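K.L.:
The structure that follows is given in the form of C-alpha cells.
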Amino acid sequence: MNKLPVIAVVGATASGKTALAVGLAKYYGGEVISADSMQLYQGMDIATAKPTEEEKAGVPHHLMDFLPVTESYSVARYVAAANAAADLIVSRGHIPVIAGGTGLYVDSLLDNILFEDEPDNAAVREALKQRRETEGIGALFAELERVDPETASQLHVNNENRVLRALEVYYLTGETISERRRRSRMRESCFDPVWIGLDYRDRQLLYDRIDRRVDDMMARGLLKEAEDYYRLPQAATASQAIGYKELKPFFDGVIPPEEAVENLKRATRRYAKRQLTWFRKNDRIHWIFRDGKTEDEILAEALAVTEASGKYSRGGA
RNA sequence: GGUGACAUAGCCAAGUGGUAAGGCAGAGGUCUGCAAAACCUCGAUUCCCCGGUUCAAAUCCGGGUGUCACCU
C-alpha cells in the first residue's frame with residue numbers, strides 16, 4: 001500500500017501552530033486539517049483563537065467552524081471526518097497538513113485507531129451514573145477489577161469518567177475495553193506523516209505568550225462572545241472549552257473581572273502543560289524550539305525537516 | 001530618636017518545648033467514543049542571622065539585621 005505523505009504540526013496552545021501550518025501549506029500546495037476539539041465549533045471564534053481569513057491566507061481549512069455548539073462530538077467522529085477530508089485533499093493532488101493541539105485526535109487519526117460501531121449507549125450510561133450515585137465509585141471500580149482487571153489496573157478509582165466508560169463498553173458489547181483497544185491498533189495506518197512540534201525551551205516564554213493572548217482576547221470582545229454563548233443551550237463538549245467557564249463566576253458577580261481573567265490565563269497555562277506532556281512521549285516529533293526566532297526562521301527550520309524527509313514535492317496542484 | 005509587633009517554600013500561611021499542617025503558584029505523569037475534559041504524583045534535613053537555656057528549640061532568653069505600625 002502506498003502511504004499518503006502528510007505533515008502534522010503539533011504543540012501547545014499559543015505556540016504558533018496556525019501560522020506554521022499555513023506557511024507549510026502554501027509552500028507545498030497543501031490544505032489544513034484542524035485537529036482541535038474546540039475550533040470545530042461554529043462561533044467561539046475569540047475563545048478558541050480561530051484563525052482569521054487573513055491568517056488562513058487563502059489556504060483551505062477543514063474540520064473547523066462547522067459544528068453547532070449544541071452538538072456533542074467525539075474522537076470517533078473526528079477520525080471519520082478527518083479521513084474523509086484527507087481523501088478529498090489528496091484527490092485534488094494536495095498535501096494534508098494536520099494542525100492542532102488535541103493530541104488524542106491527532107494520534108487517533110494518524111495511527112489509524114479503529115473506532116467500531118457501538119450500539120446506542122444512553123441507557124447503559126445512565127444506569128451506570130445512577131449506580132455511581134447509589135453504590136459509589138468504589139463499588140463500580142471493584143466490579144471493573146472483576147470483569148476487566150487489565151483496564152482496572154491502569155485506572156485510578158477517582159477517575160470516574162474512565163471507570164464508567166470501561167464498564168459501559170463491557171456491558172454494551174460483552175467485550176472488555178482492553179480487548180477492543182488491542183484490536184483498534186491492528187490496522188496499519190495509511191498515513192506517512194512527518195511530525196513537527198512547536199515548543200519553547202524557556203517555558204516562561206510560552207506562558208507570556210498565553211497571557212498576552214488572553215489579554216488580547218479580552219480586548220477583542222471575549223466577554224461579549226461569552227455572554228452570547230451563555231444564551232444558548234450548552235452541549236457537553238463545547239462547554240468544556242477554556243474561555244467562557246472561567247468568566248462565568250464574574251458574570252454571576254462572585255469575583256471581580258481581573259480575577260476571572262487571571263483564572264483564565266492559569267487554566268490556559270495548565271492546558272498547555274498537559275498538551276506538552278501528551279506530545280512529549282511521541283518520539284516521532286521533530287521539535288522546533290521557538291525561543292527568540294522569527295516566524296520566517298521557524299518556517300525555514302520546519303521546511304528543512306520536511307525536505308530532509310524526501311516525502312514531498314513542492315507545488316502541489 | 002523612642003515604643004511595639006512581626007520575620008516559616010516563589011507567594012499566602014498553621015504551628016507557643018517533642019522532631020515543620022494546609023492553600024496558591026509551579027513541576028512531572030496517565031490517557032482509545034465529552035480530551036481546552038477527567039485523573040494521579042511531587043516541594044522546607046529546616047523556620048532571618050549569631051549566641052545561650054534544655055535530653056529536646058520554629059517555639060524560651062540575649063544580641064544583631066530587616067519589615068511594618070504608632071509616637072516624637
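Labeling convention for the C-alpha cells: chains A, B, ... as they appear, residues from 1 per chain, ligands from 1 in order of appearance.
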When you look at region 2-9 of chain B with a cut-off of 8 Å (counting only C-alpha atoms (C1' of nucleotides)), what residues show up, excluding the ones that are within fewer than 4 positions of it in the same chain? I need them as a count of residues only.

P.N.:
11

K.L.:
Per residue of chain A within 6 Å of chain B, what are the shortest atom pair and its distance in Å to one decimal, counting only C-alpha atoms (C1' of nucleotides), with rows by chain and residue number, as a tab-separated table?

P.N.:
```
residue	atom	partner	partner_atom	distance
A:Ser74	CA	B:G33	C1'	5.6
A:Ala76	CA	B:G33	C1'	5.4
A:Asn159	CA	B:C39	C1'	4.8
A:Ala236	CA	B:C34	C1'	5.8
A:Thr237	CA	B:C34	C1'	5.0
A:Ala241	CA	B:A36	C1'	4.7
A:Ile242	CA	B:A36	C1'	5.0
```

K.L.:
Give the strand (DSSP E or B) residues of region 49-196 of chain A, as DSSP finds them on the backbone, and put them as a list of chain:residue names.

P.N.:
A:His61, A:His62, A:Leu67, A:Ile95, A:Pro96, A:Val97, A:Ile98, A:Ala99, A:Phe191, A:Asp192, A:Pro193, A:Val194, A:Trp195, A:Ile196

K.L.:
Can you write just those residues out, C-alpha atoms, as a CSV table (one decimal), in the first residue's frame?

P.N.:
```csv
chain,number,residue,atom,x,y,z
A,61,HIS,CA,-9.1,24.7,6.4
A,62,HIS,CA,-11.1,21.6,7.1
A,67,LEU,CA,-20.4,22.2,14.2
A,95,ILE,CA,-1.0,17.6,0.8
A,96,PRO,CA,-2.9,17.4,4.0
A,97,VAL,CA,-1.4,19.4,6.8
A,98,ILE,CA,-2.8,18.3,10.1
A,99,ALA,CA,-2.5,21.0,12.7
A,191,PHE,CA,-0.6,7.9,6.5
A,192,ASP,CA,3.1,8.6,6.3
A,193,PRO,CA,3.5,11.7,8.5
A,194,VAL,CA,6.3,14.0,9.2
A,195,TRP,CA,5.7,15.3,12.7
A,196,ILE,CA,6.7,18.8,13.6
```

K.L.:
Can you list every residue in region 98-266 of chain A that DSSP puts in helix (DSSP H, G or I), as a PyMOL selection string?

P.N.:
chain A and resi 103-110+122-135+137-147+149-154+160-173+177-184+203-219+222-230+238-240+248-251+257-266

K.L.:
Which neighbours of region 224-234 of chain A fall inside 9 Å, counting only C-alpha atoms (C1' of nucleotides), when residues of the same chain fewer than 6 positions from it are skipped, and could you give them as a PDB file with C-alpha atoms, in the first residue's frame?

P.N.:
```
ATOM      1  CA  GLY A  43     -18.777  30.679  16.746  1.00  0.00           C
ATOM      2  CA  MET A  44     -16.496  30.655  19.792  1.00  0.00           C
ATOM      3  CA  ASP A  45     -14.096  32.438  17.477  1.00  0.00           C
ATOM      4  CA  ILE A  46     -12.246  34.518  20.012  1.00  0.00           C
ATOM      5  CA  ALA A  47     -12.161  31.933  22.793  1.00  0.00           C
ATOM      6  CA  VAL A  69     -22.279  24.354  19.812  1.00  0.00           C
ATOM      7  CA  THR A  70     -25.381  22.445  20.815  1.00  0.00           C
ATOM      8  CA  GLU A  71     -23.910  19.274  19.402  1.00  0.00           C
ATOM      9  CA  GLY A 243     -12.703  30.730  27.914  1.00  0.00           C
ATOM     10  CA  TYR A 244     -16.319  31.009  28.960  1.00  0.00           C
ATOM     11  CA  LYS A 245     -16.453  28.846  32.033  1.00  0.00           C
ATOM     12  CA  LEU A 247     -15.622  34.001  33.081  1.00  0.00           C
ATOM     13  CA  LYS A 248     -18.841  32.587  34.498  1.00  0.00           C
ATOM     14  CA  PHE A 251     -20.991  37.119  35.258  1.00  0.00           C
TER      15      PHE A 251
END
```

K.L.:
Please provide as an NGL selection string all residues within 12 Å of region 11-17 of chain B, with the sequence filter that same-chain residues fewer than 3 positions apart are discarded (counting only C-alpha atoms (C1' of nucleotides)).

P.N.:
:B and (8 or 20-26 or 47 or 53-60)

K.L.:
Which residues come within 10 Å of Ile285 (chain A), counting only C-alpha atoms (C1' of nucleotides), excluding same-chain residues fewer than 2 positions away, as a list in words?

P.N.:
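In the requested format, the answer is Ala8, Val9, Val10, Gly11, Pro193, Val194, Trp195, Ile196, Gly197, Leu198, Phe279, Arg280, Lys281, Asn282, Asp283, Trp287 and Ile288 of chain A.
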
K.L.:
Distance CA of Arg181 (chain A)-CA of Gln39 (chain A), one decimal place?

P.N.:
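The value is 27.4 Å.
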
K.L.:
Record the distance separating CA of Gln42 (chain A) and CA of Ala12 (chain A), expressed in Å with one decimal.

P.N.:
21.9 Å

K.L.:
Considering only C-alpha atoms (C1' of nucleotides), return as a compact mmCIF listing (two decimals) with C-alpha atoms (C1' of nucleotides), in the first residue's frame whatever protein or nucleic-acid residues lie within 12 Å of Pro119 (chain A), sequence-local ones (same chain, fewer than 3 positions apart) excluded.

P.N.:
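Saved the output as out_24.txt:
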```txt
# COMPACT_ATOMS: atom_id res chain seq x y z
CA GLU A 116 -16.03 0.28 15.87
CA ALA A 122 -27.51 6.28 26.51
CA ALA A 123 -29.44 3.86 28.70
CA VAL A 124 -26.41 1.92 29.86
CA ARG A 125 -24.51 5.08 30.65
CA GLU A 168 -20.12 0.89 29.73
CA VAL A 169 -18.15 -0.72 26.92
CA TYR A 170 -18.19 -4.03 28.69
CA TYR A 171 -21.94 -4.07 29.21
CA LEU A 172 -22.63 -2.70 25.75
CA THR A 173 -20.51 -5.11 23.78
CA GLY A 174 -19.82 -8.00 26.11
C1' G B 33 -16.17 7.29 21.73
```

K.L.:
So that I can see what lies close to Tyr27 (chain A), please list as number ranges by chain the residues with an atom at most 12 Å from it, counting only C-alpha atoms (C1' of nucleotides) and leaving out residues fewer than 5 positions away in the same chain.

P.N.:
A: 20-22, 59, 94-95, 97, 299-300, 302-303, 306-307, 312-317

K.L.:
For the residues selected in the previous step, produce a file with C-alpha atoms as an mmCIF file, in the first residue's frame.

P.N.:
```cif
data_model
loop_
_atom_site.group_PDB
_atom_site.id
_atom_site.type_symbol
_atom_site.label_atom_id
_atom_site.label_comp_id
_atom_site.auth_asym_id
_atom_site.auth_seq_id
_atom_site.Cartn_x
_atom_site.Cartn_y
_atom_site.Cartn_z
ATOM 1 C CA LEU A 20 3.403 27.393 10.607
ATOM 2 C CA ALA A 21 0.713 25.136 9.143
ATOM 3 C CA VAL A 22 -0.361 27.854 6.747
ATOM 4 C CA VAL A 59 -5.364 28.045 2.414
ATOM 5 C CA HIS A 94 -2.776 18.450 -2.434
ATOM 6 C CA ILE A 95 -0.972 17.565 0.755
ATOM 7 C CA VAL A 97 -1.365 19.417 6.824
ATOM 8 C CA LEU A 299 9.204 28.059 8.795
ATOM 9 C CA ALA A 300 12.683 27.583 7.382
ATOM 10 C CA ALA A 302 10.326 23.225 9.547
ATOM 11 C CA LEU A 303 10.976 23.110 5.817
ATOM 12 C CA THR A 306 10.107 18.159 5.650
ATOM 13 C CA GLU A 307 12.616 18.458 2.828
ATOM 14 C CA TYR A 312 7.074 15.887 -0.522
ATOM 15 C CA SER A 313 7.453 17.653 -3.800
ATOM 16 C CA ARG A 314 6.922 21.337 -3.917
ATOM 17 C CA GLY A 315 3.965 22.960 -5.606
ATOM 18 C CA GLY A 316 1.094 20.534 -5.274
ATOM 19 C CA ALA A 317 -1.568 21.147 -7.900
#
```
